Structures are given as C-alpha cells and as structure tokens.
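Undergrad: One structure is given below, represented as structure tokens, and several questions about it will come after.
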Amino acid sequence: MKSFQVMLFSLIILIIAISGPLHADAAKMENIDVYLEGTELYFDNGVYIQSGRTLVEFRAIFEELGLSVSYDAKTKSVKGVKEGLVIELTVNSKQALVNGKPQTMDVAAQVVNGRTFVPLRFISEAAGIQVKWVQGSYFREIYLLDPNVAKRTLEISFGNKKSQFSLPIVLENDLTYEARTEKTSGMTAYAVDFYYRDTKYIEDNVWLLAVYKVQQRDWDQFWSYGVMQKIATSSDGWVYVINTPGEDPYMFGRYPVGSEQEYMRVHYHLKHSIIATLQ
C-alpha cells in the first residue's frame with residue numbers, strides 16, 4: 001500500500017512538472033476588434049489576452065505599423081525596424097530593447113500555436129501610436145491612433161446640441177455630410193449622411209452613420225437581436241446603439257464598393273463624440 005502511495009505521489013509530481021504551474025495564466029483567444037486610424041486590422045491567428053494584456057502575432061502588427069520584420073530562430077528573438085526605430089524582443093522574456101535601450105513589458109513575447117505573439121500596447125506605443133481601449137456591453141475594440149496623421153476638428157449640430165469630432169484631413173477633403181435628428185415610435189435617431197463631394201443624391205456613393213437612442217425594454221425585446229451595436233447607456237436608463245457597416249439591411253445597395261473602409265475610419269471619432277454630446 002505504501003509503495004502504491006509513493007508511486008501515485010511521484011506520478012502527480014511528474015504531471016505537474018510537465019504541465020507547469022496549476023494556476024498558470026495562459027493566453028486565451030478573445031473576440032476583439034483592432035483598428036488603425038479607423039481601418040480594421042485582421043489577424044489571421046487571432047487576438048489573445050493574458051494577464052489583462054492584448055497579444056497579437058508579431059509579424060502582422062510590425063508590418064501594419066510600417067516596420068520591416070526579422071526573426072532569429074536560434075535566439076528566438078524578433079526585430080522590427082524602420083527609420084528612427086528598432087524594436088527587439090525575445091520569446092519568453094519581458095525584457096525588450098527599443099533603439100538599444102532596455103524596457104520591461106508587462107507580459108513576455110511568447111509562442112501560441114506555433115506563432116510568435118507580442119503585446120500590442122507595448123509595440124504600438126514604442127512606435128509612437130496612441131492606444132485606446134473601448135468596451136461596451138457586447139463588444140470590445142482597440143483603436144490605434146497615429147498623432148502624425150493630420151486631422152481637422154469638425155462640428156455637427158443636432159438641433160441645439162453640437163458634437164465635435166476629428167477626421168483625417170485626407171478623408172475630410174473627400175467628404176461632405178448632413179446631420180439630422182428624427183423621432184419616431186419612441187426612438188430618437190441622430191444620423192449623419194456622408195456624400196463624396198462629387199455626388200448629390202442618396203443613390204450616388206453615400207453612406208450613413210446613425211446613433212439611436214431607444215428605451216431599455218425595446219433594446220431587450222427587439223433591437224438586441226438585430227444588426228445594431230450597443231455602445232452606451234444613459235444615466236436615465238436609455239440605450240444608445242449604432243448601425244454597423246455592411247450589415248444594416250437598409251444600407252444594402254447604398255454602399256459603394258470599398259466605402260466601408262471610409263465608414264470605419266470615422267467610426268471611433270464620430271460615434272464617441274456623439275455619445276459624449278448627447279449624454
């Protein structure tokens with residue numbers, strides 16, 4: 001009996017040694033949308049969270065931020081390089097080099113399913129990019145904002161309420177827009193129609209961004225099952241939701257090819273400024 005207990009204890013120790021700590025905080029794939037100046041980034045191998053930090057595949061994020069990439073299999077290190085910037089990381093190490101200067105990351109670069117993943121915020125901020133995390137009841141989004149992209153502050157009026165937001169100047173030069181407020185069936189819609197400057201009519205290359213203010217019970221019973229995205233709840237219990245690009249049936253046939261990209265480029269700037277104004 002005693003020998004059996006010794007064997008069992010030895011087996012448990014062996015399993016722990018192989019599998020690592022019982023409470024290890026392993027990286028977990030999550031449903032998180034990432035945008036660079038409003039353009040959605042697609043990571044073929046997913047987005048992971050570990051210890052509250054977001055991890056993405058190193059090659060994808062380095063190249064999106066304009067860095068050329070190299071990997072040293074012998075030292076298990078990755079390097080991203082562009083003019084004025086060199087970022088170096090080593091798998092399973094929290095130590096990084098930015099232009100030769102050591103820095104400590106919150107989580108280490110690591111291999112997940114055979115791919116090397118790196119902390120998104122650390123890489124982005126090292127490249128001079130601002131990182132904003134936005135979380136609602138049904139979504140999580142990360143916005144990477146480049147301060148070097150020239151922007152212009154614009155103002156849209158909804159009756160006596162004015163909403164300010166910023167658009168990249170390159171995009172703003174191509175667009176004109178009209179704001180309107182509509183009330184119907186216990187719902188208020190704060191809508192902005194965008195047109196390319198060489199068009200005048202709805203059927204000519206226009207797309208729409210609308211924030212709807214609806215009662216909580218209506219959201220629970222009707223809206224939450226549709227193509228709308230909940231983005232906030234007001235202090236008086238009303239719910240703000242927004243139409244999503246390429247999914248609203250009302251918009252089918254109205255989007256010109258490729259215009260979803262323009263929509264997403266203003267998605268962050270406009271929807272949050274509207275919410276801030278209305279609340």
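Identifiers for the structure tokens are assigned positionally: chains receive A, B, ... in sequence, residues are indexed from 1 per chain, and ligands are indexed from 1 in the order shown.
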Where does DSSP see helix (DSSP H, G or I) in segment 60-231 of chain A, if you list the residues as number ranges by chain?
TA: A: 60-64, 120-126, 169-172, 216-221, 223-225
Undergrad: So which bits of segment 27-242 of chain A end up strand (DSSP E or B) when you DSSP the backbone, as a short mmCIF file (atom, residue, chain, number, x, y, z; two decimals) with N, CA, C and O atoms, in the first residue's frame?
TA:
```cif
data_model
loop_
_atom_site.label_atom_id
_atom_site.label_comp_id
_atom_site.auth_asym_id
_atom_site.auth_seq_id
_atom_site.Cartn_x
_atom_site.Cartn_y
_atom_site.Cartn_z
N LYS A 28 -5.41 33.45 -23.80
CA LYS A 28 -6.70 32.97 -24.26
C LYS A 28 -7.19 33.81 -25.43
O LYS A 28 -7.15 35.04 -25.38
N MET A 29 -7.62 33.13 -26.51
CA MET A 29 -8.11 33.86 -27.67
C MET A 29 -9.41 34.59 -27.33
O MET A 29 -10.28 34.05 -26.65
N GLU A 30 -9.52 35.85 -27.78
CA GLU A 30 -10.68 36.67 -27.48
C GLU A 30 -11.21 37.32 -28.76
O GLU A 30 -10.49 37.48 -29.74
N ASP A 33 -11.92 43.61 -31.71
CA ASP A 33 -11.66 44.28 -32.98
C ASP A 33 -10.56 45.33 -32.79
O ASP A 33 -10.58 46.09 -31.81
N VAL A 34 -9.62 45.37 -33.70
CA VAL A 34 -8.50 46.31 -33.63
C VAL A 34 -8.52 47.19 -34.87
O VAL A 34 -8.64 46.70 -36.00
N TYR A 35 -8.42 48.51 -34.66
CA TYR A 35 -8.46 49.46 -35.76
C TYR A 35 -7.22 50.36 -35.72
O TYR A 35 -6.82 50.83 -34.66
N LEU A 36 -6.64 50.61 -36.87
CA LEU A 36 -5.54 51.56 -37.02
C LEU A 36 -6.07 52.76 -37.76
O LEU A 36 -6.39 52.68 -38.95
N THR A 39 -9.20 51.99 -39.69
CA THR A 39 -9.19 50.86 -40.62
C THR A 39 -8.98 49.58 -39.82
O THR A 39 -8.01 49.45 -39.09
N GLU A 40 -9.90 48.61 -39.96
CA GLU A 40 -9.81 47.40 -39.17
C GLU A 40 -8.62 46.55 -39.58
O GLU A 40 -8.35 46.35 -40.77
N LEU A 41 -7.89 46.05 -38.58
CA LEU A 41 -6.77 45.15 -38.82
C LEU A 41 -7.25 43.71 -38.62
O LEU A 41 -7.96 43.42 -37.66
N VAL A 47 -6.55 37.17 -31.76
CA VAL A 47 -6.11 38.13 -30.75
C VAL A 47 -6.26 37.44 -29.39
O VAL A 47 -7.30 36.84 -29.09
N TYR A 48 -5.21 37.53 -28.56
CA TYR A 48 -5.20 36.82 -27.28
C TYR A 48 -5.08 37.82 -26.12
O TYR A 48 -4.57 38.93 -26.29
N ILE A 49 -5.57 37.39 -24.97
CA ILE A 49 -5.42 38.16 -23.73
C ILE A 49 -4.68 37.31 -22.71
O ILE A 49 -5.00 36.13 -22.51
N GLN A 50 -3.68 37.91 -22.08
CA GLN A 50 -3.00 37.26 -20.96
C GLN A 50 -2.68 38.31 -19.92
O GLN A 50 -2.12 39.37 -20.24
N ARG A 53 -3.47 41.80 -20.74
CA ARG A 53 -2.76 42.45 -21.85
C ARG A 53 -3.10 41.75 -23.17
O ARG A 53 -3.25 40.53 -23.22
N THR A 54 -3.21 42.54 -24.22
CA THR A 54 -3.58 42.02 -25.53
C THR A 54 -2.34 41.60 -26.31
O THR A 54 -1.37 42.37 -26.41
N LEU A 55 -2.38 40.40 -26.87
CA LEU A 55 -1.27 39.87 -27.65
C LEU A 55 -1.73 39.61 -29.09
O LEU A 55 -2.81 39.08 -29.31
N VAL A 56 -0.89 39.99 -30.06
CA VAL A 56 -1.16 39.72 -31.47
C VAL A 56 0.12 39.18 -32.11
O VAL A 56 1.21 39.35 -31.58
N GLU A 57 -0.04 38.56 -33.27
CA GLU A 57 1.12 37.99 -33.94
C GLU A 57 2.10 39.10 -34.33
O GLU A 57 1.71 40.13 -34.89
N SER A 68 9.85 46.79 -40.93
CA SER A 68 10.30 45.55 -41.56
C SER A 68 10.64 44.56 -40.45
O SER A 68 11.06 44.94 -39.36
N VAL A 69 10.44 43.28 -40.72
CA VAL A 69 10.48 42.26 -39.68
C VAL A 69 11.56 41.24 -39.95
O VAL A 69 11.79 40.83 -41.09
N SER A 70 12.22 40.79 -38.87
CA SER A 70 13.15 39.66 -38.96
C SER A 70 12.99 38.80 -37.73
O SER A 70 12.58 39.27 -36.67
N TYR A 71 13.30 37.49 -37.89
CA TYR A 71 13.19 36.54 -36.79
C TYR A 71 14.44 35.68 -36.74
O TYR A 71 14.86 35.13 -37.76
N ASP A 72 15.04 35.57 -35.57
CA ASP A 72 16.23 34.75 -35.37
C ASP A 72 15.81 33.48 -34.63
O ASP A 72 15.52 33.51 -33.43
N SER A 77 14.37 35.42 -31.14
CA SER A 77 14.15 36.85 -30.99
C SER A 77 13.56 37.44 -32.27
O SER A 77 13.80 36.94 -33.37
N VAL A 78 12.76 38.49 -32.11
CA VAL A 78 12.15 39.18 -33.25
C VAL A 78 12.61 40.62 -33.24
O VAL A 78 12.92 41.19 -32.19
N LYS A 79 12.66 41.21 -34.43
CA LYS A 79 13.12 42.58 -34.56
C LYS A 79 12.25 43.30 -35.59
O LYS A 79 11.94 42.76 -36.65
N GLY A 80 11.86 44.51 -35.24
CA GLY A 80 11.14 45.38 -36.17
C GLY A 80 11.94 46.65 -36.37
O GLY A 80 12.41 47.25 -35.41
N VAL A 81 12.09 47.05 -37.64
CA VAL A 81 12.96 48.19 -37.95
C VAL A 81 12.28 49.12 -38.94
O VAL A 81 11.69 48.68 -39.94
N LYS A 82 12.31 50.41 -38.65
CA LYS A 82 12.01 51.44 -39.63
C LYS A 82 12.85 52.66 -39.28
O LYS A 82 13.55 52.66 -38.25
N LEU A 85 13.68 53.85 -35.63
CA LEU A 85 13.11 52.97 -34.62
C LEU A 85 13.55 51.53 -34.84
O LEU A 85 13.44 50.98 -35.94
N VAL A 86 14.02 50.90 -33.75
CA VAL A 86 14.35 49.48 -33.75
C VAL A 86 13.76 48.87 -32.48
O VAL A 86 14.07 49.31 -31.37
N ILE A 87 12.89 47.87 -32.64
CA ILE A 87 12.28 47.18 -31.51
C ILE A 87 12.74 45.72 -31.53
O ILE A 87 12.60 45.05 -32.56
N GLU A 88 13.26 45.23 -30.40
CA GLU A 88 13.75 43.86 -30.31
C GLU A 88 13.14 43.17 -29.10
O GLU A 88 13.13 43.72 -28.00
N LEU A 89 12.62 41.96 -29.33
CA LEU A 89 12.03 41.17 -28.27
C LEU A 89 12.51 39.73 -28.37
O LEU A 89 12.83 39.26 -29.46
N THR A 90 12.49 39.05 -27.23
CA THR A 90 12.88 37.64 -27.18
C THR A 90 11.74 36.83 -26.57
O THR A 90 11.13 37.26 -25.57
N VAL A 91 11.44 35.70 -27.18
CA VAL A 91 10.35 34.85 -26.70
C VAL A 91 10.59 34.47 -25.24
O VAL A 91 11.70 34.16 -24.83
N GLN A 95 11.84 41.42 -21.12
CA GLN A 95 12.79 42.48 -21.44
C GLN A 95 12.80 42.74 -22.96
O GLN A 95 12.85 41.81 -23.75
N ALA A 96 12.73 44.00 -23.31
CA ALA A 96 12.76 44.40 -24.72
C ALA A 96 13.80 45.50 -24.90
O ALA A 96 14.22 46.15 -23.93
N LEU A 97 14.21 45.69 -26.13
CA LEU A 97 15.11 46.80 -26.47
C LEU A 97 14.39 47.70 -27.47
O LEU A 97 13.89 47.23 -28.48
N VAL A 98 14.35 48.98 -27.16
CA VAL A 98 13.80 49.98 -28.07
C VAL A 98 14.90 50.97 -28.37
O VAL A 98 15.36 51.70 -27.49
N LYS A 101 17.77 50.61 -25.99
CA LYS A 101 17.57 50.86 -24.57
C LYS A 101 16.63 49.81 -23.98
O LYS A 101 15.56 49.56 -24.53
N PRO A 102 17.01 49.19 -22.86
CA PRO A 102 16.17 48.14 -22.28
C PRO A 102 14.88 48.70 -21.69
O PRO A 102 14.87 49.75 -21.05
N GLN A 103 13.79 47.97 -21.92
CA GLN A 103 12.49 48.30 -21.34
C GLN A 103 11.82 47.01 -20.89
O GLN A 103 12.03 45.95 -21.48
N THR A 104 11.00 47.11 -19.86
CA THR A 104 10.31 45.94 -19.31
C THR A 104 8.85 45.96 -19.72
O THR A 104 8.15 46.96 -19.52
N ALA A 109 6.84 38.27 -24.76
CA ALA A 109 6.57 37.71 -26.09
C ALA A 109 6.54 36.20 -25.94
O ALA A 109 7.30 35.63 -25.15
N GLN A 110 5.66 35.53 -26.66
CA GLN A 110 5.52 34.09 -26.46
C GLN A 110 4.99 33.40 -27.71
O GLN A 110 4.47 34.05 -28.62
N VAL A 111 5.16 32.08 -27.71
CA VAL A 111 4.68 31.28 -28.83
C VAL A 111 3.32 30.70 -28.48
O VAL A 111 3.15 30.08 -27.42
N VAL A 112 2.33 30.96 -29.35
CA VAL A 112 0.98 30.41 -29.19
C VAL A 112 0.62 29.68 -30.47
O VAL A 112 0.62 30.27 -31.56
N ARG A 115 2.99 30.19 -33.33
CA ARG A 115 3.20 31.55 -33.82
C ARG A 115 3.71 32.44 -32.68
O ARG A 115 3.31 32.27 -31.52
N THR A 116 4.56 33.39 -33.02
CA THR A 116 5.10 34.29 -32.00
C THR A 116 4.20 35.50 -31.82
O THR A 116 3.91 36.22 -32.78
N PHE A 117 3.75 35.70 -30.58
CA PHE A 117 2.84 36.80 -30.25
C PHE A 117 3.55 37.81 -29.35
O PHE A 117 4.39 37.45 -28.53
N VAL A 118 3.17 39.08 -29.53
CA VAL A 118 3.79 40.17 -28.77
C VAL A 118 2.70 41.08 -28.20
O VAL A 118 1.58 41.11 -28.72
N PRO A 119 2.99 41.82 -27.11
CA PRO A 119 1.99 42.71 -26.52
C PRO A 119 1.69 43.90 -27.43
O PRO A 119 2.59 44.66 -27.80
N GLN A 130 -0.90 56.03 -30.27
CA GLN A 130 -1.76 56.08 -29.10
C GLN A 130 -2.72 54.89 -29.12
O GLN A 130 -3.27 54.55 -30.17
N VAL A 131 -2.93 54.28 -27.96
CA VAL A 131 -3.79 53.10 -27.87
C VAL A 131 -4.99 53.42 -26.99
O VAL A 131 -4.84 53.88 -25.86
N LYS A 132 -6.19 53.21 -27.55
CA LYS A 132 -7.42 53.45 -26.79
C LYS A 132 -8.25 52.17 -26.77
O LYS A 132 -8.51 51.57 -27.80
N TRP A 133 -8.64 51.76 -25.57
CA TRP A 133 -9.45 50.57 -25.36
C TRP A 133 -10.89 51.02 -25.13
O TRP A 133 -11.15 51.87 -24.28
N VAL A 134 -11.83 50.47 -25.89
CA VAL A 134 -13.24 50.82 -25.76
C VAL A 134 -14.03 49.53 -25.54
O VAL A 134 -13.93 48.60 -26.34
N GLN A 135 -14.81 49.48 -24.47
CA GLN A 135 -15.57 48.27 -24.17
C GLN A 135 -17.01 48.62 -23.88
O GLN A 135 -17.32 49.51 -23.09
N ARG A 140 -15.77 44.71 -27.72
CA ARG A 140 -14.51 45.26 -27.24
C ARG A 140 -13.72 45.71 -28.45
O ARG A 140 -13.58 44.96 -29.42
N GLU A 141 -13.19 46.92 -28.39
CA GLU A 141 -12.47 47.48 -29.52
C GLU A 141 -11.18 48.14 -29.04
O GLU A 141 -11.13 48.71 -27.95
N ILE A 142 -10.15 48.06 -29.87
CA ILE A 142 -8.90 48.76 -29.62
C ILE A 142 -8.63 49.67 -30.80
O ILE A 142 -8.65 49.22 -31.96
N TYR A 143 -8.40 50.94 -30.52
CA TYR A 143 -8.11 51.90 -31.56
C TYR A 143 -6.66 52.36 -31.46
O TYR A 143 -6.22 52.79 -30.38
N LEU A 144 -5.94 52.25 -32.55
CA LEU A 144 -4.57 52.72 -32.64
C LEU A 144 -4.59 54.02 -33.43
O LEU A 144 -4.94 54.04 -34.61
N LEU A 145 -4.23 55.11 -32.77
CA LEU A 145 -4.34 56.44 -33.36
C LEU A 145 -2.95 57.03 -33.55
O LEU A 145 -2.16 57.11 -32.61
N LYS A 151 -5.16 65.87 -38.71
CA LYS A 151 -6.61 65.82 -38.53
C LYS A 151 -7.17 67.22 -38.39
O LYS A 151 -6.46 68.17 -38.04
N ARG A 152 -8.44 67.32 -38.67
CA ARG A 152 -9.14 68.60 -38.55
C ARG A 152 -10.36 68.40 -37.68
O ARG A 152 -11.09 67.41 -37.82
N THR A 153 -10.60 69.32 -36.75
CA THR A 153 -11.76 69.25 -35.88
C THR A 153 -12.99 69.78 -36.59
O THR A 153 -12.97 70.89 -37.13
N LEU A 154 -14.04 68.98 -36.64
CA LEU A 154 -15.28 69.36 -37.30
C LEU A 154 -16.41 69.40 -36.27
O LEU A 154 -16.29 68.86 -35.18
N GLU A 155 -17.49 70.04 -36.64
CA GLU A 155 -18.62 70.16 -35.73
C GLU A 155 -19.91 69.81 -36.47
O GLU A 155 -20.16 70.28 -37.58
N ILE A 156 -20.70 68.95 -35.85
CA ILE A 156 -22.01 68.58 -36.39
C ILE A 156 -23.06 68.97 -35.36
O ILE A 156 -22.88 68.74 -34.16
N SER A 157 -24.16 69.55 -35.83
CA SER A 157 -25.22 70.01 -34.93
C SER A 157 -26.44 69.12 -35.05
O SER A 157 -26.89 68.79 -36.16
N PHE A 158 -26.98 68.72 -33.89
CA PHE A 158 -28.26 68.02 -33.81
C PHE A 158 -29.20 68.93 -33.03
O PHE A 158 -29.24 68.88 -31.80
N LYS A 161 -27.84 70.79 -29.94
CA LYS A 161 -26.67 70.05 -29.46
C LYS A 161 -25.60 70.00 -30.55
O LYS A 161 -25.90 69.74 -31.70
N LYS A 162 -24.38 70.29 -30.16
CA LYS A 162 -23.28 70.30 -31.11
C LYS A 162 -22.26 69.23 -30.73
O LYS A 162 -21.88 69.10 -29.57
N SER A 163 -21.83 68.48 -31.73
CA SER A 163 -20.88 67.41 -31.50
C SER A 163 -19.61 67.67 -32.28
O SER A 163 -19.64 67.91 -33.49
N GLN A 164 -18.49 67.68 -31.60
CA GLN A 164 -17.20 67.89 -32.25
C GLN A 164 -16.46 66.56 -32.40
O GLN A 164 -16.50 65.72 -31.52
N PHE A 165 -15.81 66.39 -33.52
CA PHE A 165 -15.01 65.20 -33.73
C PHE A 165 -13.91 65.52 -34.73
O PHE A 165 -13.92 66.56 -35.39
N SER A 166 -12.94 64.63 -34.83
CA SER A 166 -11.80 64.85 -35.72
C SER A 166 -11.82 63.83 -36.84
O SER A 166 -12.14 62.66 -36.63
N LEU A 167 -11.49 64.29 -38.02
CA LEU A 167 -11.33 63.41 -39.17
C LEU A 167 -9.94 63.62 -39.76
O LEU A 167 -9.45 64.76 -39.78
N PRO A 168 -9.31 62.57 -40.25
CA PRO A 168 -8.07 62.78 -41.01
C PRO A 168 -8.33 63.74 -42.16
O PRO A 168 -9.34 63.62 -42.86
N LEU A 175 -15.09 64.28 -48.42
CA LEU A 175 -16.46 64.06 -47.98
C LEU A 175 -17.20 65.34 -47.67
O LEU A 175 -16.62 66.35 -47.28
N THR A 176 -18.50 65.29 -47.84
CA THR A 176 -19.40 66.30 -47.28
C THR A 176 -20.49 65.55 -46.54
O THR A 176 -20.67 64.34 -46.75
N TYR A 177 -21.21 66.20 -45.66
CA TYR A 177 -22.12 65.47 -44.80
C TYR A 177 -23.26 66.37 -44.35
O TYR A 177 -23.17 67.60 -44.35
N GLU A 178 -24.37 65.75 -43.97
CA GLU A 178 -25.54 66.44 -43.44
C GLU A 178 -26.02 65.70 -42.21
O GLU A 178 -26.15 64.48 -42.21
N ALA A 179 -26.29 66.45 -41.13
CA ALA A 179 -26.76 65.84 -39.89
C ALA A 179 -28.26 66.07 -39.76
O ALA A 179 -28.81 67.07 -40.23
N ARG A 180 -28.93 65.13 -39.10
CA ARG A 180 -30.37 65.25 -38.89
C ARG A 180 -30.77 64.49 -37.63
O ARG A 180 -30.08 63.57 -37.21
N THR A 181 -31.87 64.91 -37.06
CA THR A 181 -32.45 64.23 -35.89
C THR A 181 -33.86 63.82 -36.23
O THR A 181 -34.65 64.62 -36.73
N GLU A 182 -34.18 62.55 -35.99
CA GLU A 182 -35.51 62.04 -36.27
C GLU A 182 -36.08 61.36 -35.03
O GLU A 182 -35.36 60.66 -34.32
N LYS A 183 -37.39 61.58 -34.79
CA LYS A 183 -38.06 60.92 -33.67
C LYS A 183 -39.26 60.15 -34.19
O LYS A 183 -40.08 60.69 -34.91
N THR A 184 -39.32 58.87 -33.83
CA THR A 184 -40.42 58.03 -34.27
C THR A 184 -40.54 56.81 -33.38
O THR A 184 -39.53 56.23 -32.96
N MET A 187 -38.35 56.37 -30.37
CA MET A 187 -36.92 56.27 -30.65
C MET A 187 -36.43 57.58 -31.25
O MET A 187 -37.14 58.22 -32.02
N THR A 188 -35.23 57.98 -30.89
CA THR A 188 -34.61 59.15 -31.49
C THR A 188 -33.36 58.71 -32.26
O THR A 188 -32.55 57.96 -31.73
N ALA A 189 -33.24 59.16 -33.48
CA ALA A 189 -32.08 58.82 -34.30
C ALA A 189 -31.27 60.08 -34.57
O ALA A 189 -31.81 61.09 -35.04
N TYR A 190 -29.98 60.03 -34.25
CA TYR A 190 -29.04 61.10 -34.56
C TYR A 190 -28.19 60.61 -35.72
O TYR A 190 -27.29 59.80 -35.54
N ALA A 191 -28.53 61.06 -36.91
CA ALA A 191 -27.95 60.47 -38.12
C ALA A 191 -27.11 61.48 -38.88
O ALA A 191 -27.40 62.67 -38.89
N VAL A 192 -26.06 60.95 -39.51
CA VAL A 192 -25.20 61.76 -40.37
C VAL A 192 -25.08 61.04 -41.71
O VAL A 192 -24.62 59.90 -41.77
N ASP A 193 -25.51 61.70 -42.77
CA ASP A 193 -25.35 61.16 -44.12
C ASP A 193 -24.05 61.72 -44.70
O ASP A 193 -23.84 62.94 -44.70
N PHE A 194 -23.20 60.85 -45.20
CA PHE A 194 -21.94 61.26 -45.81
C PHE A 194 -22.02 61.07 -47.33
O PHE A 194 -22.50 60.04 -47.81
N TYR A 195 -21.54 62.06 -48.04
CA TYR A 195 -21.50 62.00 -49.50
C TYR A 195 -20.07 62.26 -49.97
O TYR A 195 -19.34 63.03 -49.34
N TYR A 196 -19.69 61.64 -51.04
CA TYR A 196 -18.47 62.08 -51.71
C TYR A 196 -18.78 63.43 -52.37
O TYR A 196 -19.89 63.68 -52.79
N VAL A 206 -23.26 57.30 -51.17
CA VAL A 206 -23.46 57.85 -49.84
C VAL A 206 -23.51 56.72 -48.83
O VAL A 206 -23.93 55.60 -49.14
N TRP A 207 -23.04 56.98 -47.62
CA TRP A 207 -23.20 56.03 -46.53
C TRP A 207 -23.61 56.78 -45.30
O TRP A 207 -23.53 58.01 -45.25
N LEU A 208 -24.08 56.07 -44.32
CA LEU A 208 -24.74 56.70 -43.19
C LEU A 208 -24.21 56.13 -41.88
O LEU A 208 -23.93 54.93 -41.78
N LEU A 209 -24.04 57.02 -40.90
CA LEU A 209 -23.75 56.58 -39.55
C LEU A 209 -24.85 57.16 -38.66
O LEU A 209 -25.10 58.36 -38.69
N ALA A 210 -25.52 56.30 -37.91
CA ALA A 210 -26.62 56.76 -37.07
C ALA A 210 -26.49 56.19 -35.67
O ALA A 210 -26.23 55.01 -35.50
N VAL A 211 -26.68 57.06 -34.69
CA VAL A 211 -26.77 56.65 -33.29
C VAL A 211 -28.23 56.75 -32.88
O VAL A 211 -28.86 57.78 -33.05
N TYR A 212 -28.76 55.64 -32.36
CA TYR A 212 -30.16 55.59 -31.96
C TYR A 212 -30.27 55.55 -30.45
O TYR A 212 -29.55 54.83 -29.77
N LYS A 213 -31.21 56.35 -29.94
CA LYS A 213 -31.49 56.35 -28.50
C LYS A 213 -32.82 55.63 -28.31
O LYS A 213 -33.87 56.11 -28.78
N VAL A 214 -32.80 54.48 -27.67
CA VAL A 214 -34.00 53.67 -27.51
C VAL A 214 -34.19 53.30 -26.05
O VAL A 214 -33.23 53.32 -25.26
N MET A 228 -27.64 45.99 -34.83
CA MET A 228 -27.18 47.18 -34.13
C MET A 228 -26.17 46.80 -33.04
O MET A 228 -26.17 45.68 -32.53
N GLN A 229 -25.36 47.76 -32.67
CA GLN A 229 -24.32 47.55 -31.67
C GLN A 229 -24.55 48.50 -30.52
O GLN A 229 -24.61 49.72 -30.71
N LYS A 230 -24.72 47.97 -29.31
CA LYS A 230 -24.91 48.81 -28.14
C LYS A 230 -23.59 49.47 -27.76
O LYS A 230 -22.58 48.80 -27.63
N ILE A 231 -23.62 50.79 -27.59
CA ILE A 231 -22.36 51.48 -27.28
C ILE A 231 -22.39 52.25 -25.96
O ILE A 231 -21.34 52.65 -25.47
N ALA A 232 -23.60 52.46 -25.39
CA ALA A 232 -23.64 53.18 -24.12
C ALA A 232 -25.04 53.10 -23.54
O ALA A 232 -26.01 52.80 -24.25
N THR A 233 -25.13 53.37 -22.25
CA THR A 233 -26.41 53.51 -21.57
C THR A 233 -26.42 54.85 -20.85
O THR A 233 -25.47 55.18 -20.14
N VAL A 239 -30.82 53.51 -23.93
CA VAL A 239 -29.70 52.80 -24.53
C VAL A 239 -29.33 53.46 -25.85
O VAL A 239 -30.20 53.81 -26.65
N TYR A 240 -28.03 53.65 -26.08
CA TYR A 240 -27.54 54.16 -27.36
C TYR A 240 -26.98 53.00 -28.17
O TYR A 240 -26.18 52.20 -27.68
N VAL A 241 -27.42 52.90 -29.40
CA VAL A 241 -26.92 51.85 -30.29
C VAL A 241 -26.54 52.48 -31.62
O VAL A 241 -26.98 53.58 -31.96
N ILE A 242 -25.71 51.77 -32.38
CA ILE A 242 -25.21 52.31 -33.63
C ILE A 242 -25.34 51.27 -34.73
O ILE A 242 -25.23 50.07 -34.48
#
```
Undergrad: Please measure the separation of atom CA of Asn160 of chain A and atom CA of Ser224 of chain A, giving the value in Å to one decimal.
TA: 29.4 Å
Undergrad: With distances taken over only C-alpha atoms, which residue among A:Phe58, A:Asn45, A:Glu37, A:Gly84 lies nearest Ile129 of chain A?
TA: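 With only C-alpha atoms as the atom set, the closest residue is A:Glu37.
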Undergrad: Calculate how many Å separate atom CA of Asp236 of chain A from atom CA of Trp219 of chain A, rounding to one decimal.
TA: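 Computing the Euclidean distance for atom CA of Asp236 of chain A and atom CA of Trp219 of chain A yields 14.5 Å.
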Undergrad: Could you tell me how far atom CA of Leu120 of chain A lies from atom CA of Leu65 of chain A, in Å and to one decimal?
TA: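 These atoms are spaced 11.1 Å apart.
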